[in-house]
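Asker: Before we start, here is the structure in question, set down as C-alpha cells.
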Amino acid sequence: MKKPGLVGRILAADSAASMLALIAVFVIFSAVNGRFLTSLNIHGIIVSAAISAITGLGMTLIIAMRALDLSVGSIMGFSAIIAAELLAFGWPLWLVIVAGMLVGCGLGLLNGLLIVLLRLPSFIATLATLSMILGGQLLITQGETVPIHNAVFGSLAIGTIGGYLPLAAIIAALIFAVVWVVFHRTPFGRHVAAIGGDVRAAIGAGINVNRVTLGAFTLVGLLAALSGMMVAAELQNADSTIGAGAELTAIAVVVVGGTSLAGGRGNLFGTVCAAVLLASIKAGLNVANVSSLYEDLVFGGILIVALMVDGLRRGNRRRGMLVV
Amino acid sequence: MNDLGAQAVQAVDHGHAVVRATGIRKAFGGVEVLHGVDLDLRPGEVHALVGENGAGKSTIINMLGGRLHPDEGRIEIEGAPIEFRNPLAARRAGISIIAQELEVVPTLTIVENAFLGAEPTRHGLIRWGDARRRVEAVLSELGVHADPDQIVGSMSVADQQLVEIAKAVLGEFRVLIMDEPTSALNLADTARLFKIVRRLRADGVAILYVSHRLWEVFDLADRVTVLRDGNRIMTAEIGQTDVGAVIRAMLGTKSSLIAEGGKPHHAARVARGGLPALELEGVQSGELLQDISLHVHPGEVIGLAGVIGSGRTELAEAIYGLRPIERGTVRLNGVAVALRDPKEASRRGVFLLPEDRKLEGIFGHLDVRENVILNYDPNSEDLQAPQTAATMPRARSPRRRLGGLAPIPLKAERRAFSAMRAALGIRCSGPEARITALSGGNQQKALFARAALSGPSVLFLSEPTRGVDVGAKEEIYSAIDNFAARGIAIVVSSSELGELFRLATTIYVLRAGRIVAQLAADEASEEDVLKLMAG
C-alpha cells in the first residue's frame, strides 16, 4: 500500500479543515483591511487564542471521554476573582497563582464527584455547578469588580519576551505539550480515550472509570482556572463577567478543531488551530468595523458548520462499520 | 512471546482441571436460571458449551469471568477455591474472555487496544515502542499482517476479533473463553480462527468454546457440555457422542412434544392454488443465507426448522427488510418486490413477530392497549376471530389523515382493542395495564393482536411460543390456525419441532444458511427432521 504524500496526509488530518480555514481567514482579512496584520492586532489574537486554547485543551480530553463540562467558564471567573482577592490581601504572586489553580482543581473534582457518586450525566452535573459557582462569585464580589494592581501578574498574559513573543503563547505551548504527553503517552490519557470510545470495553479491560473521570474533570478545572487568571491579568481586574460564555467557546474550539462529540479520540493540535482561527475571526471582524454585536451570530454559525461536518463524518464511519 | 501462552504450559494431563466449577446456582430477580451446574476445563482441551438461548451459557461464562457471582457453588482454579470480585480479578487469575459482542475500543489503535488497562510504562509514560514490538510478534504468530497503529474500528469484524485474541495472548492467561466467536465470521475467517484455537490448545491453554453451530463443535472440540434450562444435561468426550444426541439433549422433551390430537386442520387448509402470497427464489444474504427458495400460499402455514445459527433468524430479518438481500427474488402475490426496510415490508402487508419480545416487540413503558393498537389501521380486513367480526370498526384510516397527526378516535380504538382481547383471550387487568405486568403468553397474544390489526397478508412468526406456558401455547396455536383460516400466509420459525408439526403443512429444514429439505408434515417424522437439522 502506497503511503499518501505530504499534501494528502495534511488534507486527511482531522485538523486540516481548521488549518485551511485559518489560512483563508488571514488572507481574506489582510486583503480587506491592512490593519489586520499589524503586530498589535496579531499580539491580541495570540493572547486571546492562548487563553481559549488552554481551556479548550482540557475540554478536548473531556469530549474525548464522551462527556461535557459546562462549568469551565464559571471556574475561570471564580479562580480569577479568588486570585484578585488574594492579591488584594497581599499574598505573594506565586502563592496566588498556586491557590487559584488549586481552586480550579477543587471545583473540577467536585464536578467529577457529582458525576461519579450521583451517576449524573456530565452536562447536567456541570450545568448545576455552573450555576452554583456563579452564585459563589456574586457572594464574594457582591457584584463589584475587584481591581488588580500587580504589574508582574499583568505581564503573565500580555507580556512578551524580546518584545515579540507573547508570554501567553509560551504558557499555552507548555500546556499543549503537557496535555499532549498526558493524553497520548500515559495510561490515564489512553483510558480517557477508551472510555469515550466504548465504556463497556473500557470496563472489561479493567479500567477504573470513576478514577479516570475524576482525573479528567480535575484537570480541566485546573486549566480553566489558569485561563481565568490570564483573563484577569489581561484586564487588570476580575468580576463575574470573566468566563461568561467561555464554555461555548471551549466546546467550539474542540469541535471546530476536529474532535468528534462521539468521543474516543481527541485532536489537541486541532483545538489549538481552532482557537487561533476563532480569535483571528474575532479580531478580523473588529478590524473590519463589524459591530461586536454580530460576533456571537458568526460564532454560532461556525459551530453549526463544525457540528454538521462532525455529524457527516460520524455518519460515514457508522455506515462503514455496517458494511463490514 | 514466541510460543502462544507459554506461561500456561504444563504437562498436558487430561485428568486434571485448571478450572472447576461445582454446583453453581444463580437467580435473577427471584428466578433461578442456573440450578447447580458443574463444569471443568482441562489444560490443552477445547471444551464446547452448547445449549439454546436462555439455557444459562452466558450466565456461567460471566461467573468464570468475574462479571457475576454465583449464589451457591464454588469455582476452583488449580484446586484452590477462588472468588472473583471483578473482571480484573478473573483476568489476573489467568482467565480471558472473548465476549460475543466485541470488547475493543473502535477509536483506538491495535496496540492501544492490545495493552488497554495493562500498558507497559516507565516513569509513568507508556513505552509504545516496546508495546508495538510485542504486539507485532503476537500478530505474526496469529498470522495477521496489520500495522499495530491501525485504528481498530476501520478493520473487519474478523480482524477486530483477532485483536481481542492478541490481547488475550498478551495477558498471562491459561483459560480462554470464547463466546460465539464465529457468529460474525465468514468461512475463511472461521478456518483461520480454528487454526489459532488449535494452536493455543497445543500450547496447553484450556479453551471453553461456546457455539450454536454444532458442526464447529464436532470439528474442534475435545469434550462437549450441553446445558438446557439451567441444568447440565450431559458432558461427553466428543468421540463418544454424536450430533443427534447433542441436539436431543439441547431440545429435551420439547422435541417429542407433538401436540395431542395430532394435526387438526391441515386438510382444510390445503393451498388454494393461485399465486403464493410470499415466494422466495434463490435468495442470498452474505454467507448466512444461501440460495433460499420457498413459497407460502394465502391460508397456508409453513414451518422453518433448524438449529440456532442455521439461518432461521437471518431469513426472518431478510424477509422483513432488516437484512440486505444480495441475490434472488422476493415475490408478493406474484409481484417481485424489494423490501428495503421494515417500513416497506409492513406497507406491503408483511409482518414479523420477533424472536425476542422484550427487545424487539413490546414497548415496555406503554400499556396493553397502546401496544396493541400501535399499527392499527381500520381500513384493513377484519381479521379477528369470527365471533367478533361484527364489532370490528370499519372507519377510514384515522392514522393516515393529516399525515398521522390526526387524533385517533379513542372509541374506535377501544372497540378494536376489546375485540382483539376477546378474540385472543388476552388476560390483563384492563386496557390500561402495563404490558410488562402481563405474563409472557399474554404479551405474545398482544403482539399477535397488533399484527392482526395492521391487516397483514404475510405473517412471519419467530419462536411464537417461547417463554409461554402450556395453556397459553394452545391458545396461540388456535389463533394462528384462525389467522390462516382467514387467508393470511404464515411462516412459523421454531426450535420446537412439535410446534412445527402441530401448525405447518410443509416444513423446510435449514442448515448452515441453506434449505436442505422440504418435507410434507404428514409424511415426515421428527426423527427425520432432527437428522436433517444436524446434517
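By order of appearance in the C-alpha cells: chains A, B, ..., then residues from 1 within every chain, and ligands from 1 in the order shown.
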Hey, what's within 10 Å of stretch 290-297 of chain B if we count only C-alpha atoms and toss same-chain stuff fewer than 2 positions away? As JSON, numbers by chain, please?
Answerer: {"B": [269, 270, 271, 272, 273, 274, 275, 276, 277, 278, 279, 280, 281, 282, 283, 284, 285, 286, 287, 288, 299, 300, 301, 302, 303, 311, 315, 326, 327, 328, 329, 330, 331, 332, 333, 457, 458, 484, 487, 488, 489, 490, 491, 506, 508, 510, 512, 513, 514, 515, 516, 518]}
Asker: Can you write just those residues out, C-alpha atoms, as a PDB file, in the first residue's frame?
Answerer:
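Here's the written file result_12.pdb:
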```
ATOM      1  CA  ARG B 269     -56.011 -25.560   4.690  1.00  0.00           C
ATOM      2  CA  VAL B 270     -54.521 -27.004   1.569  1.00  0.00           C
ATOM      3  CA  ALA B 271     -53.057 -24.300  -0.566  1.00  0.00           C
ATOM      4  CA  ARG B 272     -55.775 -22.720  -2.622  1.00  0.00           C
ATOM      5  CA  GLY B 273     -53.830 -22.785  -5.806  1.00  0.00           C
ATOM      6  CA  GLY B 274     -53.166 -19.478  -7.481  1.00  0.00           C
ATOM      7  CA  LEU B 275     -50.175 -17.316  -6.680  1.00  0.00           C
ATOM      8  CA  PRO B 276     -48.226 -17.736  -3.464  1.00  0.00           C
ATOM      9  CA  ALA B 277     -48.610 -14.828  -1.060  1.00  0.00           C
ATOM     10  CA  LEU B 278     -44.863 -14.940  -0.485  1.00  0.00           C
ATOM     11  CA  GLU B 279     -42.301 -16.566  -2.675  1.00  0.00           C
ATOM     12  CA  LEU B 280     -38.524 -16.521  -2.350  1.00  0.00           C
ATOM     13  CA  GLU B 281     -36.304 -17.654  -5.159  1.00  0.00           C
ATOM     14  CA  GLY B 282     -32.561 -18.109  -4.789  1.00  0.00           C
ATOM     15  CA  VAL B 283     -32.302 -15.523  -2.048  1.00  0.00           C
ATOM     16  CA  GLN B 284     -28.827 -14.868  -0.737  1.00  0.00           C
ATOM     17  CA  SER B 285     -27.637 -12.618   2.077  1.00  0.00           C
ATOM     18  CA  GLY B 286     -23.984 -12.773   2.985  1.00  0.00           C
ATOM     19  CA  GLU B 287     -22.805 -16.218   3.998  1.00  0.00           C
ATOM     20  CA  LEU B 288     -25.690 -16.748   6.370  1.00  0.00           C
ATOM     21  CA  GLY B 299     -54.104 -19.525   4.185  1.00  0.00           C
ATOM     22  CA  GLU B 300     -51.125 -21.839   4.359  1.00  0.00           C
ATOM     23  CA  VAL B 301     -48.765 -22.318   7.299  1.00  0.00           C
ATOM     24  CA  ILE B 302     -45.216 -23.378   6.580  1.00  0.00           C
ATOM     25  CA  GLY B 303     -42.608 -24.228   9.200  1.00  0.00           C
ATOM     26  CA  GLY B 311     -30.129 -19.126   9.243  1.00  0.00           C
ATOM     27  CA  LEU B 315     -34.226 -15.406   6.991  1.00  0.00           C
ATOM     28  CA  GLU B 326     -27.920  -9.576  -2.294  1.00  0.00           C
ATOM     29  CA  ARG B 327     -29.240 -12.006  -4.846  1.00  0.00           C
ATOM     30  CA  GLY B 328     -32.522 -13.671  -5.663  1.00  0.00           C
ATOM     31  CA  THR B 329     -36.125 -12.539  -5.862  1.00  0.00           C
ATOM     32  CA  VAL B 330     -38.866 -11.950  -3.346  1.00  0.00           C
ATOM     33  CA  ARG B 331     -42.396 -12.005  -4.768  1.00  0.00           C
ATOM     34  CA  LEU B 332     -45.572 -10.973  -3.000  1.00  0.00           C
ATOM     35  CA  ASN B 333     -48.644 -12.304  -4.803  1.00  0.00           C
ATOM     36  CA  SER B 457     -51.087 -10.718   4.202  1.00  0.00           C
ATOM     37  CA  VAL B 458     -47.921 -12.491   5.329  1.00  0.00           C
ATOM     38  CA  ALA B 484     -54.575 -18.915   8.415  1.00  0.00           C
ATOM     39  CA  GLY B 487     -56.314 -16.251   4.286  1.00  0.00           C
ATOM     40  CA  ILE B 488     -53.111 -14.974   5.828  1.00  0.00           C
ATOM     41  CA  ALA B 489     -49.959 -16.747   4.715  1.00  0.00           C
ATOM     42  CA  ILE B 490     -47.981 -17.745   7.782  1.00  0.00           C
ATOM     43  CA  VAL B 491     -44.343 -18.718   8.247  1.00  0.00           C
ATOM     44  CA  THR B 506     -44.843 -28.042   4.914  1.00  0.00           C
ATOM     45  CA  TYR B 508     -38.429 -26.507   5.422  1.00  0.00           C
ATOM     46  CA  LEU B 510     -32.368 -25.137   7.216  1.00  0.00           C
ATOM     47  CA  ALA B 512     -25.782 -23.592   7.646  1.00  0.00           C
ATOM     48  CA  GLY B 513     -27.785 -20.997   5.756  1.00  0.00           C
ATOM     49  CA  ARG B 514     -29.294 -23.334   3.185  1.00  0.00           C
ATOM     50  CA  ILE B 515     -32.577 -25.129   2.826  1.00  0.00           C
ATOM     51  CA  VAL B 516     -31.615 -28.797   2.935  1.00  0.00           C
ATOM     52  CA  GLN B 518     -38.725 -29.561   2.161  1.00  0.00           C
TER      53      GLN B 518
END
```
Asker: Please return, as a PyMOL selection string, all residues of chain B lying within 10 Å of chain A when only C-alpha atoms are considered.
Answerer: chain B and resi 65+67+86-89+91+97+99+101-108+112-128+153-158+167+184
Asker: Could you write out, as a VMD selection string, all the residues of stretch 94-230 of chain A that DSSP marks as strand (DSSP E or B)?
Answerer: chain A and resid 146 to 147 160 to 161 165 to 166
Asker: Can you list, as a PyMOL selection string, all residues belonging to stretch 45-289 of chain A that DSSP tags as helix (DSSP H, G or I)?
Answerer: chain A and resi 45-64+72-89+93-117+122-141+151-158+167-185+187-197+199-204+209-235+246-256+268-287
Asker: Give me the residues near A:Met19 as a PyMOL selection string, where near means some atom within 9 Å (using only C-alpha atoms) and where sequence neighbours in that chain fewer than 3 positions away do not count.
Answerer: chain A and resi 15-16+22-24+257+270+273-274+277
Asker: What's around B:Leu374 at 12 Å? Count only C-alpha atoms, leave out sequence neighbours fewer than 5 positions away in its own chain, and write the answer as a list in words.
Answerer: Gly361, Ile362, Phe363, Leu366, Asp367, Val368, Arg369, Arg399, Ile408, Glu413, Ala416, Phe417, Ala446, Leu447, Phe448, Ala449, Arg450, Ala451, Ala452, Leu453 and Ser454 of chain B
Asker: One decimal, Å: what's the distance from atom CA of A:Ile281 over to atom CA of A:Ile171, could you say?
Answerer: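 That distance, rounded to one decimal, is 22.1 Å.
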Asker: What does the structure give for the distance between atom CA of A:Phe299 and atom CA of A:Glu234, in Å to one decimal?
Answerer: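 Taking atom CA of A:Phe299 and atom CA of A:Glu234, their separation equals 22.5 Å.
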Asker: Would you kindly return, as an NGL selection string, each protein, DNA or RNA residue with an atom no farther than 7 Å from any atom of stretch 106-118 of chain A, considering only C-alpha atoms and excluding same-chain residues fewer than 5 positions away?
Answerer: :A and (125-126 or 210 or 213-214 or 217-218 or 220-221)
Asker: Please produce a file of those selected residues containing C-alpha atoms, as a PDB file, in the first residue's frame.
Answerer:
```pdb
ATOM      1  CA  ALA A 125     -23.865  17.917  36.802  1.00  0.00           C
ATOM      2  CA  THR A 126     -21.735  20.693  35.358  1.00  0.00           C
ATOM      3  CA  ASN A 210     -14.522   6.537  38.150  1.00  0.00           C
ATOM      4  CA  THR A 213     -13.424  10.579  35.268  1.00  0.00           C
ATOM      5  CA  LEU A 214     -12.318  12.350  38.446  1.00  0.00           C
ATOM      6  CA  PHE A 217     -12.544  16.771  35.366  1.00  0.00           C
ATOM      7  CA  THR A 218      -9.911  17.873  37.865  1.00  0.00           C
ATOM      8  CA  VAL A 220      -9.986  20.617  33.037  1.00  0.00           C
ATOM      9  CA  GLY A 221     -10.775  22.555  36.232  1.00  0.00           C
TER      10      GLY A 221
END
```
Asker: Report as an NGL selection string all protein, DNA and RNA residues lying within 10 Å of A:Ser48, evaluated on only C-alpha atoms, omitting residues in the same chain fewer than 6 positions from it.
Answerer: :A and (42 or 157-158 or 168-169 or 227 or 230-231 or 234 or 275-276 or 278-280 or 282-283)
Asker: A:Glu85, A:Gly228, A:Leu37, A:Val32: which is nearest A:Glu144, counting only C-alpha atoms?
Answerer: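 Distance minimum relative to A:Glu144 lands on A:Glu85.
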Asker: What does the distance from atom CA of B:Ala305 to atom CA of B:Val509 come to in Å, to one decimal?
Answerer: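 Value for the atom CA of B:Ala305-atom CA of B:Val509 distance: 4.7 Å.
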Asker: Counting only C-alpha atoms, which of A:Thr271, A:Ser291, A:Ser30, A:Gln142 gets nearest to A:Ala53?
Answerer: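 Nearest to A:Ala53: A:Thr271.
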